[in-house]
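These notes concern the structure reproduced below.
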Amino acid sequence: QQAPNEGEPATEKTVAYLLYDDQNIYVAFKCYDSQPEKLDPTAGRRDGQEGDMVLLLLDTFNDNITGYLFGVNSCNVQNDARVSLDGFSKDWSWDGVWFSVVRVTDFGYTVEMGIPFKNIRYKQDSSEWGIDFFRSISRKGENDWWSFQRSGVALEVSRAGRLVGIHPPKAEVSHLEVYPVGLVKYEKPSTSPEAGFDLAWYPSSSTNLRLAVNPDFAQAEADPYTVNLSKYPTYLAEHRPFFVERAEVFQTLLNLFYSRRIGKGLPGGKKVPIINALKLTARPGRFTIGVIGAMTRRTEYTGGVEPQSYYSVLRLKRQVFHNSELGLLYAGKNWEGGFNGTVGFDGDLRKEGFDLGFQLAGSTRKNAEANYAGYLSLFWRAGDFAAVLDYKNIGENFDINGVGFEPKRGTESFNFTIGYISPKETEAFKWFCLSMGMMSYREYGQHSPGIGIGPKFQAGFKNNWQFSNTLLYKRWYEAGQWYNDIFTENKISTDPSKPLGGNLGFWYHSKRYNWRRRYLASMSALWGGLTWRPNPKLKLRLSTDATVEFKRDGSLEKISWILHPTVSWALTHNLYLRLWNEPNFDTDIHRSNILLSWNFLPKSWVYFALNNTWDNSEGNMRLKDRVIVLKVRYLFALL
């Protein structure tokens with residue numbers, strides 16, 4: 001077991017089988033269950049990672065750092081991902097072409113997988129891979145691995161077992177995939193047909209080239225609205241498939257490359273169109289190479305013009321020692337009359353129970369002074385105790401806003417946490433973690449840093465509920481003022497294997513500077529949600545976020561409510577419907593989205609999307625924008 005009782009035998013028997021031929025790897029799981037009627041048969045969309053499931057880990061380069069995950073749940077919903085950074089990074093956006101069959105039996109269930117060799121990258125002439133097998137038993141909150149994995153860490157590739165004597169076929173010819181994309185788009189008040197294509201070329205078993213011409217990301221998730229009371233912009237997660245795939249190659253401690261800068265959103269809701277984009281990743285020997293190039297169109301918007309721009313990113317990493325890495329990264333943006341760029345050197349040195357990461361970087365902009373930034377992080381674990389330390393110093397003129405994300409210029413921060421992780425069940429808990437942390441933060445020109453200190457408690461109960469509490473005392477400095485703040489945060493969630501469940505959380509600052517109101521006062525936030533699965537294929541969820549602002553005298557200033565009713569319906573294993581709404585009572589701008597996606601052939605999709613935006617600022621719920629998209633993406637495997 002990895003959880004809840006680290007190192008103990010699994011409570012249910014699992015048998016795995018592996019065969020291969022010149023074309024495929026075949027894996028089968030026999031999952032015995034003493035109560036097969038209690039299997040969690042959650043369906044849902046691909047990569048949902050829900051319900052009782054099994055996973056296969058393959059370290060095809062035998063480098064103890066990277067690999068592939070292939071998973072199937074008891075409803076035959078597939079999950080697959082690329083793994084990097086010794087398991088700490090997983091790219092679930094990667095979709096391979098492979099096959100699976102599931103049968104529910106009177107003793108549990110069985111899973112069969114067929115994975116084509118041409119679907120994965122691997123080291124030529126290798127006869128040894130890393131391998132591991134995983135099973136989760138949802139109702140018990142139990143995770144089991146064939147080769148031991150520690151609790152508190154989802155996965156470490158370096159702990160995988162060995163597959164000895166495998167002789168994969170040589171990739172003697174390159175593999176080319178072309179995806180023509182047809183698009184009909186109605187964007188109030190006009191309709192326009194558009195076309196583009198994606199190309200994927202695999203010249204060898206360790207090299208991948210992607211090209212996208214006139215890409216459209218209508219099927220990507222919308223960014224949820226957040227109430228931001230700080231002076232810094234909100235970091236937006238990447239959902240666009242082209243940029244999510246192999247994103248781990250370009251990740252560094254400092255966000256030197258922030259892919260949301262390419263095709264970014266503009267004031268008024270417009271987005272900068274991407275004309276074309278290219279991505280190359282390769283694994284020659286112990287090196288990893290990454291290249292991104294993109295061109296965006298000149299775009300006019302209310303209040304200005306975004307010029308036509310050219311983006312370039314270069315990444316080089318080398319594996320050193322057993323499973324450590326050193327790397328260089330360059331990212332730049334060029335436009336007529338301007339340039340912004342950054343170069344960084346980074347490393348990640350890993351050993352059993354020890355991980356040291358560091359990065360040094362410099363930035364430059366036309367007619368501006370160059371400046372530097374540094375980041376140091378340390379993770380240490382010995383037995384049931386662990387500690388985390390990080391230090392960051394961002395120069396006053398360190399400006400990477402054209403290509404990266406680092407808004408806190410001219411600051412220095414330090415964080416340290418040490419804690420105890422319970423590896424086995426106790427009388428009250430399945431697991432728990434108790435830690436103590438301290439932090440400091442200083443803006444340049446500030447004589448002494450603000451400090452914070454306090455405990456954190458996290459626990460999993462025997463009914464599969466989870467709870468956490470954080471308490472922090474802060475002596476802080478903002479907007480030219482020193483103040484004392486007591487911060488608390490509490491979160492609780494129910495058993496995810498039950499048809500009805502939910503989560504609830506809140507935080508409270510006794511005093512904090514409100515940058516929206518420009519004064520010092522209390523503030524709080526409450527969030528939560530209720531999820532109901534009336535059957536394995538249908539999930540209904542209602543979630544909410546509320547930000548509470550107080551005045552200086554402690555009276556109520558405003559409550560900003562945002563609702564998120566969502567319906568997720570797996571009509572079949574390859575036809576999926578999502579209904580999403582966002583009534584926003586902070587801005588009175590309400591959004592809705594309908595997305596129907598059909599995976600009619602491997603890597604081939606039809607998407608239908610309807611996006612509406614209403615303005616209720618005058619109380620009449622006026623339709624502000626409507627976008628209707630029908631998109632077809634079809635795979636032609638030419639070689």
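Residue numbering restarts at 1 for every chain of the structure tokens, chains are lettered A, B, ... in their displayed order, and ligands are numbered from 1 as they appear.
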If we count only C-alpha atoms, what is near Asn214 in chain A at a cut-off of 9 Å, once residues fewer than 3 positions away on the same chain are taken out, given as a VMD selection string?
chain A and resid 194 to 198 273 to 277
Contact table range 256-286 of chain A vs range 111-123 of chain A, cut-off 9 Å, shortest pair per residue, only C-alpha atoms, as JSON lines:
```
{"residue": "A:Arg283", "atom": "CA", "partner": "A:Lys123", "partner_atom": "CA", "distance": 8.6}
{"residue": "A:Pro284", "atom": "CA", "partner": "A:Lys123", "partner_atom": "CA", "distance": 8.8}
{"residue": "A:Gly285", "atom": "CA", "partner": "A:Lys123", "partner_atom": "CA", "distance": 8.0}
```
Shell around Ala16 in chain A at 7 Å using only C-alpha atoms, local window under 5 positions removed, as an MDAnalysis selection string
chainID A and resid 28:30
Residue selection dump (C-alpha atoms) as an mmCIF file, in the first residue's frame:
```
data_model
loop_
_atom_site.group_PDB
_atom_site.id
_atom_site.type_symbol
_atom_site.label_atom_id
_atom_site.label_comp_id
_atom_site.auth_asym_id
_atom_site.auth_seq_id
_atom_site.Cartn_x
_atom_site.Cartn_y
_atom_site.Cartn_z
ATOM 1 C CA ALA A 28 -3.825 -7.277 -18.379
ATOM 2 C CA PHE A 29 -5.020 -6.745 -14.799
ATOM 3 C CA LYS A 30 -7.126 -9.153 -12.757
#
```
Tell me, as JSON, numbers by chain, which residues lie within 8 Å of Trp614 in chain A, counting only C-alpha atoms; anything in the same chain fewer than 6 positions away does not count.
{"A": [589, 590, 591, 621, 622, 623, 624, 625]}
Leaving out Leu356 in chain A and any residue of its chain fewer than 4 positions from it, which residues lie within 6 Å of it when counting only C-alpha atoms, given as a ChimeraX atom specification?
/A:348-349,377-378
Please provide as a PyMOL selection string all residues within 12 Å of Leu526 in chain A, with the sequence filter that same-chain residues fewer than 6 positions apart are discarded (counting only C-alpha atoms).
chain A and resi 227+489-491+503-508+543-549+559-563
From A:Gly502, A:Pro602, A:Gly341, A:Gly96, residue lying nearest Asn401 in chain A [only C-alpha atoms]
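The closest residue to Asn401 in chain A is A:Gly341.
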Compile the contact shell of Tyr109 in chain A as a CSV table (one decimal) with N, CA and C atoms, in the first residue's frame: residues with an atom at most 12 Å away, counting only C-alpha atoms, same-chain residues fewer than 6 positions apart removed.
```csv
chain,number,residue,atom,x,y,z
A,12,GLU,N,-6.8,-6.1,-1.2
A,12,GLU,CA,-7.4,-6.9,-2.2
A,12,GLU,C,-6.3,-7.4,-3.2
A,13,LYS,N,-6.5,-8.6,-3.7
A,13,LYS,CA,-5.5,-9.2,-4.6
A,13,LYS,C,-5.6,-8.6,-6.0
A,14,THR,N,-4.5,-8.3,-6.6
A,14,THR,CA,-4.4,-7.8,-8.0
A,14,THR,C,-3.3,-8.6,-8.7
A,15,VAL,N,-3.6,-9.1,-9.9
A,15,VAL,CA,-2.6,-9.8,-10.7
A,15,VAL,C,-2.4,-9.1,-12.0
A,28,ALA,N,-2.5,-6.9,-18.9
A,28,ALA,CA,-3.8,-7.3,-18.4
A,28,ALA,C,-3.8,-7.2,-16.9
A,29,PHE,N,-4.9,-6.8,-16.3
A,29,PHE,CA,-5.0,-6.7,-14.8
A,29,PHE,C,-6.2,-7.6,-14.4
A,30,LYS,N,-6.0,-8.4,-13.4
A,30,LYS,CA,-7.1,-9.2,-12.8
A,30,LYS,C,-7.3,-8.6,-11.4
A,31,CYS,N,-8.4,-7.8,-11.2
A,31,CYS,CA,-8.6,-7.1,-9.9
A,31,CYS,C,-9.7,-7.8,-9.1
A,32,TYR,N,-9.2,-8.5,-8.1
A,32,TYR,CA,-10.1,-9.3,-7.2
A,32,TYR,C,-10.7,-8.3,-6.2
A,33,ASP,N,-12.0,-8.5,-5.8
A,33,ASP,CA,-12.6,-7.6,-4.8
A,33,ASP,C,-13.6,-8.5,-4.0
A,34,SER,N,-13.4,-8.4,-2.7
A,34,SER,CA,-14.3,-9.2,-1.8
A,34,SER,C,-15.7,-8.7,-1.8
A,35,GLN,N,-15.9,-7.4,-2.3
A,35,GLN,CA,-17.3,-6.9,-2.4
A,35,GLN,C,-17.5,-6.2,-3.8
A,36,PRO,N,-17.5,-7.1,-4.8
A,36,PRO,CA,-17.5,-6.5,-6.2
A,36,PRO,C,-18.8,-5.6,-6.4
A,37,GLU,N,-19.8,-5.8,-5.7
A,37,GLU,CA,-21.0,-5.0,-5.9
A,37,GLU,C,-20.8,-3.6,-5.4
A,38,LYS,N,-19.7,-3.3,-4.7
A,38,LYS,CA,-19.4,-1.9,-4.2
A,38,LYS,C,-18.3,-1.2,-5.1
A,39,LEU,N,-18.0,-1.8,-6.2
A,39,LEU,CA,-17.1,-1.1,-7.2
A,39,LEU,C,-17.7,0.3,-7.5
A,40,ASP,N,-16.8,1.3,-7.6
A,40,ASP,CA,-17.2,2.7,-8.0
A,40,ASP,C,-17.2,2.8,-9.5
A,41,PRO,N,-18.3,2.7,-10.2
A,41,PRO,CA,-18.4,2.6,-11.6
A,41,PRO,C,-18.5,4.0,-12.3
A,52,ASP,N,-12.9,3.3,-9.3
A,52,ASP,CA,-11.9,2.2,-9.2
A,52,ASP,C,-11.1,2.2,-10.5
A,53,MET,N,-9.8,2.1,-10.4
A,53,MET,CA,-9.0,2.1,-11.7
A,53,MET,C,-7.6,1.5,-11.5
A,54,VAL,N,-7.0,1.2,-12.6
A,54,VAL,CA,-5.6,0.6,-12.6
A,54,VAL,C,-4.8,1.6,-13.5
A,72,VAL,N,-7.0,2.8,-16.8
A,72,VAL,CA,-8.4,2.5,-17.2
A,72,VAL,C,-9.2,2.3,-15.9
A,73,ASN,N,-10.4,2.9,-15.9
A,73,ASN,CA,-11.2,2.6,-14.7
A,73,ASN,C,-12.2,1.5,-15.0
A,74,SER,N,-13.1,1.2,-14.0
A,74,SER,CA,-13.9,0.0,-14.2
A,74,SER,C,-15.1,0.3,-15.2
A,75,CYS,N,-15.2,1.5,-15.7
A,75,CYS,CA,-16.2,1.8,-16.8
A,75,CYS,C,-15.4,2.0,-18.1
A,76,ASN,N,-14.2,1.6,-18.2
A,76,ASN,CA,-13.4,1.6,-19.4
A,76,ASN,C,-13.1,3.1,-19.9
A,101,VAL,N,-10.1,-2.9,-22.9
A,101,VAL,CA,-11.4,-3.6,-22.7
A,101,VAL,C,-11.5,-3.8,-21.2
A,102,VAL,N,-12.7,-3.6,-20.6
A,102,VAL,CA,-13.0,-3.9,-19.2
A,102,VAL,C,-14.2,-4.8,-19.1
A,103,ARG,N,-14.0,-5.8,-18.2
A,103,ARG,CA,-15.2,-6.7,-17.9
A,103,ARG,C,-15.4,-6.7,-16.4
A,135,ARG,N,-3.1,0.2,-8.6
A,135,ARG,CA,-4.6,0.0,-8.4
A,135,ARG,C,-5.1,0.9,-7.3
A,137,ILE,N,-8.6,1.6,-5.0
A,137,ILE,CA,-9.9,1.0,-4.5
A,137,ILE,C,-10.6,2.2,-3.9
```
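Comparing the minimum interatomic distances between Ile131 in chain A and each of A:Leu389, A:Ile421, A:Leu69, A:Val104, counting only C-alpha atoms, we find that A:Leu69 sits nearest.
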Grab the CA of Thr411 in chain A to CA of Lys231 in chain A distance for me, in Å with one decimal place.
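Between CA of Thr411 in chain A and CA of Lys231 in chain A the gap is 13.6 Å.
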Please report, as a PyMOL selection string, each residue of range 7-41 of chain A to which DSSP assigns strand (DSSP E) when run on this structure's backbone.
chain A and resi 14-20+24-32
Residue nearest Val97 in chain A - candidates A:Asn79, A:Asn620, A:Gly362, A:Pro307, atoms counted: only C-alpha atoms:
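Closest candidate: A:Asn79.
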Alpha helix (DSSP H) positions in range 141-270 of chain A, given as a PyMOL selection string:
chain A and resi 241-244
Tell me, in Å to one decimal, how far CA of Gly165 in chain A is from CA of Thr66 in chain A.
19.8 Å
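Considering the residues A:Leu571, A:Ile451, A:Lys366, A:His167 and counting only C-alpha atoms, Asp22 in chain A has its shortest atom-to-atom contact with A:His167.
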Taken to one decimal, the CA of Ile65 in chain A-CA of Ala382 in chain A distance is 21.0 Å
Which residue is closest to Leu183 in chain A? Choose from A:Asn484, A:Pro215, A:Asp80, A:Val343 and count only C-alpha atoms.
A:Pro215
